[in-house]
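*Asks:* My questions all concern the structure below.
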Amino acid sequence: MDLTTALPVLLATAWLLPLGSFALIVLFGPWMGRRGVGAGYLATGAIVVSFVLSLIALLGWLSHHPIADAGHHAAETVEHGHEAAASHAAPAEALKPVAGDWYALGRFGSLAITIGYYIDSLTLVMFTMVTLVASCIHFYSFGYMHEELGIVTDPLVRKANGRLLKRKGRFHRFYQYLSLFCFSMLGLVISGNVAMVFIFWELVGICSYLLIGFYIERKSASNAANKAFIVNRVGDFGMLIGLMVLWSTLGTFSFGGIFEQVRPADAGHELIVPDGMVHAAAADEIEQITLTAATPEEANQAIETATPGWRNAGYGQWLLIIAGLGIFCGCVGKSAQFPLHVWLPDAMEGPTPVSALIHAATMVAAGVYLVGRFYPVFTPEVLLVIAYVGCITLFMAATIAITATDIKRVLAYSTVSQLGYMMLSLGVGGWLAGLFHLITHAFFKSLLFLGSGSVIHACHTNEMPEMGGLRKKMPWTAYTMLTGCLAISGAGIPLLWGLSGFHSKDSILAQLFSFRIQNSVHGNILFWAAAGGAAITACYMFRLWYLTFAGKPRNEHVAQHAHESPAAMVAPLVILAVMAAIAGWKVPFTNVGVDTLIGQSRPVGTELGVGANTAVAVMPAERLSHEKPIHNTVSWIAFFTALAGFLVATVFYGVRRLDPDDVRKTFGPVYTFLCRKWYFDELYQLIFIRPVMVISRAVAAIDKHGLDWLADNSARFVKWISRLDEWIDRLLVDGLVNQIARQTHRLGLALRAVQTGNIRQYVMAIAFCTVTLFVVITLYWSYIMAAGS
Amino acid sequence: MNLLFEPVGLAHYLVVGAILFVTGVVCMATKRNAVGILMGIELVLNGANMNFIAFATPGLRADEGLSLGLDGHMVALFVIVLAAAEAAVGLAIVLSFYYNHLTVDVDEAEELKG
Amino acid sequence: MTFHSLIENALTDTLGPTLAGFRPELALCATIVVLLLSRMLMPRWKEGPFWITAAGAVAALWLAAPWSQLSGGMKTAESIFTGMLLHDTFSVYLRCLLFFFLLLFVLFTRSSGIPRDTHATEFFVLILGAILGMCLMVSANHILIVFLGIEMASVPSYVLAGMLRHERRGAEAALKYAIYGAGTAGIMLYGISLLAGALGSVHLPTMAAAVVDMFAHDQASSRYLVLILGGLMLMIGLGFKLSAVPFHFWAPDVFEGATAEVAGFLSIASKAAALGLLVRLVVVFGYTPNADDMVHLEPIRQYMTLMIAAAAAVTCTFGNLAAYGQTNMKRLLAYSTIAHAGYLMMPVAALSALIGTDLTAARAAAGSMLFYVAVYMFMNLGAFAVVAYVRNRSGSEEIDALSGLIRTSTGLAVCLAVVLFSLVGLPPLAGFAAKFAAFASVYQAGLVLLLVVGLANTVLSLFYYLRVVKVMMLGEPSRYRPAVIIPLASSAGMVCLLCTVPLLVWGVWWNGLYTWADAAASLLCK
């Protein structure tokens, strides 16, 4: 089977398996095995098979599109790399993405809404990453969500009578949501057009919402779920505007179609304002021409000749910018970028595996992924906005992470900060570096989250000041997490080799440095903010590790109860630790690595950088950053900043030479400012949330009941079937008359419920019955008349 | 057919009547205040009255043979009287309800059911 | 025609046939006036309202003279008040039934002690007013009279539902009744306005002629929708009075909240009048003397048959099923009333189906309905009477209060048992004869499905009526309630006997009543 037919089939199977698992769990979840434990097996099985299929697809792709040999690449890095264009600007023909449609949902005029695919190496890498991380997390959840198998006593919820809430476990519900999420996320990655992206974009949002609110009885959880949902809606609103602009001017939703128009081949794949946008902007002129022209053909001719002139005059430029900014707006919401980053830390109310999967590795990275996908459409102006948003985010979130004491919140802010890095990198032209960091970050951040989950599982608290000295009690967790800390800090031997974060972060900083050379003002701000961020990253990560694992136990009670987590939780930690270490490496003796693989999908026309001929900013070609002077300088800068961060953390928390409390007192206002998370929540509360909360409460209620409705009714359906069965049984056994009498009696009792005693319902019933009867009679009447005539 | 640009005819009156009627029904079905419900009833009756008057006026419709003439006016007059009687009785009942329940919220009338 | 001759004509018409046909109603009006005057002039005469009302009922009955009118004394139907009312044997029969019911009712209330003397005048004035409205309903020949009749019957009923029990439940019942009734009346009026507008008349036969005209020339396609909507809304008003499902919601609540006396009144008189009106409408819109035009009315007849049959089946079944599991006797009887409304509508459906093919059978169907109504009057009044008497002694209207009634007051218990068995329709009681006649007409009309539903319902209803009988016969008298000791040889016992004996008599010898009912229907469709 050739690649173009095999890939869609493989990936579609991998994509739909979790959906099947979701559907089965919805229908039969509670009856699967003992207290629904079978739901977990089913979901895990599905996602593991998905992973295997993705891996096969990836290998298949590699066998058809081998990566330029290692020697060549080495030459590129060691020498000046001018001839290395071959690897980056590989022949466009060979690496054409596999795109097409599986199914057309509907056609509205010229607009077709389809379920399509757009598969290139980026898709495949994302697929493999998502399924791998998700598989690990599915395994991990067996241990972590074990309590949900029985009756759960929620220590954080007190009922009105002062007792702790006891409820039935929701093990199957958890896996049901996980499966739905995996399906949605994979759908988002494989989408072949923007409409489909948007559908799955919303679906992952809903899954995230459901999983954040998994402990729905906790007010904080349902509030956080609402917050996440609403903040994301703000972004999606912008995204919708962007989509509408694209569709109304370009007339298509498909990626291929959009890219062809934005970077047409006959313009050398340079970014130009497409005809559709020019015409939309020049509507007045076109009307003039149509009015004066003798025939339509003549008019079209005239319009065509005038189009380049209009384009040069700047017509439609703003439409392109709005489209780009709109799309980016959606990504800001989903990837928790400033100013919509506030939902992500609160989303930590969800179970920790969820935080690891959705709020660290996959869903939040979807925004970055979409920016990468839509890269050809972004103008330099938009890219600059992206860069600044990413820069602000990364710096702000990193500073907040220093003061947070909740272990998951530190990681959450770290995630926000790392996502900021990716955005920044994309914004300054580091397409490959940003997406590369996306993949490596997915591994080490999910590792860190799972590690923190293991700690929380052992200590039953999120507060780091309560922990300490856990290294001895839970060595596996401690050292796998140390791997994660080293990876995120970018530890390695400068110029040579390091953990995955080392490679990806270095390439981001190198791109920034290269950008700085071309744009002095923007470049300096962005570069030094990013470098400072790197130092802070190392600082807060090691602060986390020291506070949790090093030193002496600060709370004897917690320390006594702490224990190493079960194998189901440790094994995924080890797998992810290995991945966190090696994800940045190349396969020995070849040039095959995640970065080169992704590099194959680089959008045509962006190899040479963006904005070379504009005054806004120049995003230099990425390969320039591999040049030795840049690379070497940056390596050392990165090394020393990370080292500085590490040393600061060690001095304060590792060897305790300085007392952090002193510093805290000295910098009181700054500390408070950071502790209050730059007062973002307070600000939003004041401006937006208060009015919005009213609506969000309603949404929560509907959702809670709505889903229960779905579950209950399917359950009721099954029960009904069984009751029917029982009924037939009794009919045969007990005799007809007896049963009829009993059933009519029961029916009679049921009919009493109609008589509710509420007069308004009675009046409503009059109106309702009138309308219903009218409809029925009208239909019947037309039937009589038709029969009569 | 664009009602806005036609000279005023039967249809316009009927539309007003229908709006009154629907408003009244909605009012009856949604108001919790018993007096509000009585107002809704008035609206319904007046919606019907509007129809009668419109149908009774010969100049309004094309096929004048179908106009109700004085009959329509007579019906409308009787309905007005009846509406008054009904309102009087209704208010008296609401008052008695108030004496017993100390509220005119009809949702409080919930003892009789099943 | 001069103005003088116009006046002359109106005067002769009014003084001649019109007032003659309207004398019973005038007697009722006079009774109302006398009642009010007596309250003013002789406030100390405690017995006054009772005697005056009884006298009024007797006078009205005498003026209506059913014995002469229904035994061939009336040959043709005449429309009086320039076509507003129709005076024929049908209206005579039903009005006489109402007057007779009024007489029985007065006796019943007198013996049950409700209304108390202070309220008697108002109570009887309202009752008389409602009866007056019902008389208009059964002779209506004009759409305004339809509406006026329904409203005149309803508005006093609202007050009656709440006036005698100054407590929460009475007020609640009255409020619900008023709101529900006024709501349906409003909807009906709107429907009437649509019908009148579409057909260009408010005189029922003229409207029917317009319908014929419309169908004959098939010019009506744009007006069908209006007609359907209007007809439906009119039916809703009727459905409310009939307590037909799904417009029955008021009935159980109002019956439970009101006193047993008022509930009895509502369940019998209102039903009878509403059925009379229903028959009137069916005949007017389903029949026209011209054989050619009859064809054009076929869709209308089909429509009416289907509507009424469906409503009858649903109402009957719903009422019987919902009566299961009731603990309050009045509520149980309320659902039983709903079910009986369904039974009573069945012959009307048959009438509507037969009217196009077989006029004799159609009249027989109407006759069976009239027969059923008369029997039903005795059955239901008997049942409510026992409930009222038991309430007076034990203070409870629950079924439990009847427990062991056979030990304490044997006569009453036997009467109630007879009434209940008759409600089920067991031979040899009048209920059986009535049901038999009704089902026979349904069978004749070929409405097999409806017949099956009706028969099945008879079986269904057996269970809950029998439950009451079982409680009465096998239960132990409650030790916590005062014992119910009502001998037959008391005014209460007499009233019960008065209701029960006819059931036994007509059960075996129904010809007398049936002949009258048949005669009453004989002038329909002519």
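In the structure tokens, chains take the letters A, B, ... in the order shown, each chain's residues start at 1, and ligands count up from 1 in the order shown.
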Give me the residues within 9 Å of Thr30 (chain B) as a ChimeraX atom specification, counting only C-alpha atoms and dropping any in the same chain fewer than 3 places off.
*Replies:* /A:760-761,763-764 /B:25-27,37
*Asks:* Would you list which chain B residues are within 7 Å of chain A using only C-alpha atoms, as a PDB file with C-alpha atoms, in the first residue's frame?
*Replies:*
ATOM      1  CA  MET B  28     -51.372  33.715  32.205  1.00  0.00           C
ATOM      2  CA  ALA B  29     -48.906  30.920  31.914  1.00  0.00           C
ATOM      3  CA  THR B  30     -45.923  32.729  33.348  1.00  0.00           C
ATOM      4  CA  VAL B 106     -50.377  31.233  42.658  1.00  0.00           C
ATOM      5  CA  ASP B 107     -47.477  28.871  43.176  1.00  0.00           C
ATOM      6  CA  ALA B 109     -51.691  27.030  45.678  1.00  0.00           C
ATOM      7  CA  GLU B 110     -50.214  23.585  45.891  1.00  0.00           C
ATOM      8  CA  LEU B 112     -54.495  20.104  45.965  1.00  0.00           C
ATOM      9  CA  LYS B 113     -52.679  17.771  43.677  1.00  0.00           C
ATOM     10  CA  GLY B 114     -52.206  14.165  42.690  1.00  0.00           C
TER      11      GLY B 114
END
*Asks:* Write out as a compact mmCIF listing (two decimals) with N, CA and C atoms, in the first residue's frame which residues come within 8 Å of Thr249 (chain A) when counting only C-alpha atoms, dropping same-chain ones fewer than 3 positions away.
*Replies:*
# COMPACT_ATOMS: atom_id res chain seq x y z
N VAL A 245 -13.10 35.82 8.50
CA VAL A 245 -12.37 36.65 7.54
C VAL A 245 -11.75 35.77 6.47
N LEU A 246 -11.11 34.70 6.92
CA LEU A 246 -10.46 33.80 5.96
C LEU A 246 -11.48 33.22 4.99
N GLY A 276 -8.62 37.45 -3.03
CA GLY A 276 -9.90 37.57 -2.37
C GLY A 276 -9.93 38.74 -1.40
N MET A 277 -8.85 38.88 -0.63
CA MET A 277 -8.81 39.96 0.35
C MET A 277 -8.68 41.30 -0.34
N ALA A 280 -12.04 42.15 -1.61
CA ALA A 280 -12.95 42.53 -0.53
C ALA A 280 -12.68 43.95 -0.08
*Asks:* Which residues of chain C are close to chain B, meaning at most 9 Å apart when you count only C-alpha atoms, and how do they look as a tab-separated table (two decimals) with N, CA and C atoms, in the first residue's frame?
*Replies:*
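Below is the file iface-v3.tsv, written as the result:
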chain	number	residue	atom	x	y	z
C	144	LEU	N	-72.90	33.52	20.05
C	144	LEU	CA	-72.82	34.37	21.24
C	144	LEU	C	-73.46	33.66	22.43
C	147	PHE	N	-71.17	31.11	23.92
C	147	PHE	CA	-70.19	31.69	24.84
C	147	PHE	C	-70.85	32.19	26.11
C	148	LEU	N	-71.95	32.91	25.94
C	148	LEU	CA	-72.63	33.46	27.11
C	148	LEU	C	-73.08	32.34	28.03
C	151	GLU	N	-70.21	30.90	29.92
C	151	GLU	CA	-69.72	31.82	30.95
C	151	GLU	C	-70.72	31.96	32.09
C	152	MET	N	-71.99	32.01	31.74
C	152	MET	CA	-72.99	32.13	32.80
C	152	MET	C	-73.00	30.90	33.68
C	155	VAL	N	-69.08	31.21	35.67
C	155	VAL	CA	-68.71	32.26	36.64
C	155	VAL	C	-69.33	32.01	38.02
C	156	PRO	N	-70.62	31.67	38.12
C	156	PRO	CA	-71.14	31.35	39.46
C	156	PRO	C	-70.45	30.12	40.05
C	158	TYR	N	-67.35	29.28	39.80
C	158	TYR	CA	-66.08	29.67	40.42
C	158	TYR	C	-66.33	30.06	41.87
C	159	VAL	N	-67.37	30.89	42.05
C	159	VAL	CA	-67.64	31.37	43.40
C	159	VAL	C	-68.09	30.22	44.28
C	162	GLY	N	-65.55	28.13	46.00
C	162	GLY	CA	-64.80	28.64	47.14
C	162	GLY	C	-65.62	29.21	48.26
C	163	MET	N	-66.91	29.40	48.04
C	163	MET	CA	-67.62	30.24	49.01
C	163	MET	C	-67.99	29.52	50.30
C	166	HIS	N	-64.54	28.41	54.26
C	166	HIS	CA	-63.60	29.50	54.45
C	166	HIS	C	-62.30	28.94	54.97
C	167	GLU	N	-61.69	28.20	54.13
C	167	GLU	CA	-60.39	27.68	54.51
C	167	GLU	C	-59.53	27.61	53.26
C	168	ARG	N	-58.31	27.20	53.48
C	168	ARG	CA	-57.31	27.31	52.42
C	168	ARG	C	-57.69	26.53	51.17
C	169	ARG	N	-58.17	25.32	51.36
C	169	ARG	CA	-58.37	24.48	50.20
C	169	ARG	C	-59.49	25.00	49.30
C	170	GLY	N	-60.54	25.52	49.96
C	170	GLY	CA	-61.62	26.08	49.17
C	170	GLY	C	-61.14	27.25	48.33
C	171	ALA	N	-60.36	28.12	48.96
C	171	ALA	CA	-59.86	29.29	48.23
C	171	ALA	C	-58.95	28.85	47.08
C	172	GLU	N	-58.16	27.83	47.36
C	172	GLU	CA	-57.25	27.36	46.31
C	172	GLU	C	-58.06	26.77	45.14
C	173	ALA	N	-59.07	25.98	45.50
C	173	ALA	CA	-59.88	25.37	44.45
C	173	ALA	C	-60.54	26.45	43.60
C	174	ALA	N	-61.10	27.46	44.27
C	174	ALA	CA	-61.78	28.51	43.52
C	174	ALA	C	-60.80	29.23	42.61
C	175	LEU	N	-59.61	29.52	43.14
C	175	LEU	CA	-58.63	30.23	42.32
C	175	LEU	C	-58.25	29.42	41.09
C	176	LYS	N	-58.00	28.15	41.32
C	176	LYS	CA	-57.60	27.32	40.18
C	176	LYS	C	-58.74	27.22	39.17
C	178	ALA	N	-61.17	29.33	38.67
C	178	ALA	CA	-61.39	30.60	37.98
C	178	ALA	C	-60.34	30.83	36.91
C	179	ILE	N	-59.09	30.60	37.28
C	179	ILE	CA	-58.03	30.87	36.31
C	179	ILE	C	-58.13	29.93	35.12
C	182	ALA	N	-61.39	30.77	33.15
C	182	ALA	CA	-61.30	32.01	32.40
C	182	ALA	C	-60.30	31.87	31.26
C	183	GLY	N	-59.23	31.14	31.51
C	183	GLY	CA	-58.25	30.94	30.44
C	183	GLY	C	-58.85	30.21	29.26
C	185	ALA	N	-61.96	29.92	28.58
C	185	ALA	CA	-63.01	30.74	27.98
C	185	ALA	C	-62.41	31.77	27.03
C	186	GLY	N	-61.30	32.36	27.44
C	186	GLY	CA	-60.63	33.34	26.58
C	186	GLY	C	-60.20	32.71	25.27
C	187	ILE	N	-59.61	31.52	25.39
C	187	ILE	CA	-59.16	30.84	24.17
C	187	ILE	C	-60.35	30.51	23.29
C	189	LEU	N	-63.20	32.04	23.16
C	189	LEU	CA	-63.75	33.25	22.54
C	189	LEU	C	-62.91	33.65	21.33
C	190	TYR	N	-61.62	33.51	21.47
C	190	TYR	CA	-60.76	33.85	20.35
C	190	TYR	C	-61.06	32.94	19.16
C	191	GLY	N	-61.24	31.66	19.48
C	191	GLY	CA	-61.59	30.72	18.41
C	191	GLY	C	-62.91	31.08	17.76
C	192	ILE	N	-63.86	31.47	18.62
C	192	ILE	CA	-65.16	31.86	18.10
C	192	ILE	C	-65.01	33.06	17.17
C	193	SER	N	-64.18	34.00	17.59
C	193	SER	CA	-64.01	35.19	16.73
C	193	SER	C	-63.43	34.79	15.38
C	194	LEU	N	-62.51	33.84	15.40
C	194	LEU	CA	-61.94	33.40	14.12
C	194	LEU	C	-63.00	32.72	13.27
C	196	ALA	N	-66.27	33.04	13.43
C	196	ALA	CA	-67.26	34.00	12.96
C	196	ALA	C	-66.70	34.83	11.82
C	197	GLY	N	-65.47	35.25	11.97
C	197	GLY	CA	-64.88	36.07	10.92
C	197	GLY	C	-64.72	35.31	9.63
C	198	ALA	N	-64.30	34.06	9.74
C	198	ALA	CA	-64.05	33.29	8.53
C	198	ALA	C	-65.36	32.92	7.83
C	199	LEU	N	-66.41	32.72	8.63
C	199	LEU	CA	-67.66	32.28	8.05
C	199	LEU	C	-68.65	33.42	7.85
C	200	GLY	N	-68.31	34.59	8.37
C	200	GLY	CA	-69.15	35.75	8.10
C	200	GLY	C	-70.48	35.75	8.81
C	201	SER	N	-70.58	35.03	9.90
C	201	SER	CA	-71.86	35.05	10.62
C	201	SER	C	-71.63	34.59	12.04
C	202	VAL	N	-72.62	34.91	12.89
C	202	VAL	CA	-72.56	34.39	14.25
C	202	VAL	C	-73.74	33.49	14.54
C	252	PRO	N	-60.01	17.49	39.24
C	252	PRO	CA	-59.72	16.84	40.52
C	252	PRO	C	-59.44	17.85	41.63
C	253	ASP	N	-58.69	18.88	41.31
C	253	ASP	CA	-58.34	19.86	42.34
C	253	ASP	C	-59.57	20.59	42.83
C	254	VAL	N	-60.43	20.98	41.91
C	254	VAL	CA	-61.61	21.74	42.31
C	254	VAL	C	-62.57	20.84	43.09
C	256	GLU	N	-61.87	18.30	44.89
C	256	GLU	CA	-61.37	18.00	46.22
C	256	GLU	C	-61.47	19.22	47.13
C	257	GLY	N	-61.21	20.40	46.54
C	257	GLY	CA	-61.19	21.59	47.37
C	257	GLY	C	-62.59	22.09	47.71
C	322	ALA	N	-56.29	7.13	36.45
C	322	ALA	CA	-55.83	8.04	37.48
C	322	ALA	C	-56.62	7.87	38.77
C	326	GLN	N	-56.14	6.78	44.51
C	326	GLN	CA	-56.64	7.96	45.21
C	326	GLN	C	-57.08	7.54	46.62
C	331	ARG	N	-61.89	13.09	45.37
C	331	ARG	CA	-60.94	13.06	44.26
C	331	ARG	C	-61.17	11.84	43.39
*Asks:* Name the closest residue to Pro572 (chain A) among the candidates A:Ser454, A:Thr307, A:Thr548, A:Asn555; distances are taken between atoms, counting only C-alpha atoms.
*Replies:*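 Checking each candidate against Pro572 (chain A), we get A:Ser454 as the closest.
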*Asks:* Hey, what's within 12 Å of Val574 (chain A) if we count only C-alpha atoms and toss same-chain stuff fewer than 2 positions away? As a ChimeraX atom specification, please?
*Replies:* /A:136,140,443-444,446-448,450-451,475-484,567-572,576-581
*Asks:* List every residue of chain C that has an atom at most 8 Å from any atom of chain A, and for each one report the closest atom pair and its distance in Å to one decimal, counting only C-alpha atoms, with rows sorted by chain and then by increasing residue number, as JSON lines.
*Replies:*
{"residue": "C:Lys176", "atom": "CA", "partner": "A:Ile759", "partner_atom": "CA", "distance": 6.1}
{"residue": "C:Ile179", "atom": "CA", "partner": "A:Ile759", "partner_atom": "CA", "distance": 7.8}
{"residue": "C:Tyr180", "atom": "CA", "partner": "A:Val763", "partner_atom": "CA", "distance": 6.5}
{"residue": "C:Gly183", "atom": "CA", "partner": "A:Val763", "partner_atom": "CA", "distance": 7.3}
{"residue": "C:Thr184", "atom": "CA", "partner": "A:Ile766", "partner_atom": "CA", "distance": 7.7}
{"residue": "C:Leu225", "atom": "CA", "partner": "A:Thr778", "partner_atom": "CA", "distance": 7.1}
{"residue": "C:Ile228", "atom": "CA", "partner": "A:Thr778", "partner_atom": "CA", "distance": 7.1}
{"residue": "C:Leu229", "atom": "CA", "partner": "A:Phe774", "partner_atom": "CA", "distance": 6.4}
{"residue": "C:Leu232", "atom": "CA", "partner": "A:Phe774", "partner_atom": "CA", "distance": 7.0}
{"residue": "C:Met233", "atom": "CA", "partner": "A:Thr770", "partner_atom": "CA", "distance": 7.4}
{"residue": "C:Ile236", "atom": "CA", "partner": "A:Thr770", "partner_atom": "CA", "distance": 7.8}
{"residue": "C:Pro246", "atom": "CA", "partner": "A:Cys769", "partner_atom": "CA", "distance": 7.1}
{"residue": "C:Phe247", "atom": "CA", "partner": "A:Ile766", "partner_atom": "CA", "distance": 6.6}
{"residue": "C:Phe249", "atom": "CA", "partner": "A:Tyr762", "partner_atom": "CA", "distance": 6.4}
{"residue": "C:Trp250", "atom": "CA", "partner": "A:Tyr762", "partner_atom": "CA", "distance": 7.8}
{"residue": "C:Asp253", "atom": "CA", "partner": "A:Gly757", "partner_atom": "CA", "distance": 7.1}
{"residue": "C:Pro299", "atom": "CA", "partner": "A:Ile784", "partner_atom": "CA", "distance": 7.0}
{"residue": "C:Tyr303", "atom": "CA", "partner": "A:Trp781", "partner_atom": "CA", "distance": 7.7}
{"residue": "C:Phe318", "atom": "CA", "partner": "A:Leu751", "partner_atom": "CA", "distance": 7.7}
{"residue": "C:Asn320", "atom": "CA", "partner": "A:Gly748", "partner_atom": "CA", "distance": 7.8}
{"residue": "C:Leu321", "atom": "CA", "partner": "A:Gly748", "partner_atom": "CA", "distance": 4.2}
{"residue": "C:Ala322", "atom": "CA", "partner": "A:Gly748", "partner_atom": "CA", "distance": 4.5}
{"residue": "C:Ala323", "atom": "CA", "partner": "A:Gly748", "partner_atom": "CA", "distance": 6.8}
{"residue": "C:Tyr324", "atom": "CA", "partner": "A:Gly748", "partner_atom": "CA", "distance": 5.3}
{"residue": "C:Gly325", "atom": "CA", "partner": "A:Leu749", "partner_atom": "CA", "distance": 5.8}
*Asks:* Which residue, A:Phe22, A:Trp15, A:Tyr117, A:Tyr369, has the smallest gap to Ser254 (chain A) when you use only C-alpha atoms?
*Replies:*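 Closest residue, counting only C-alpha atoms: A:Tyr117.
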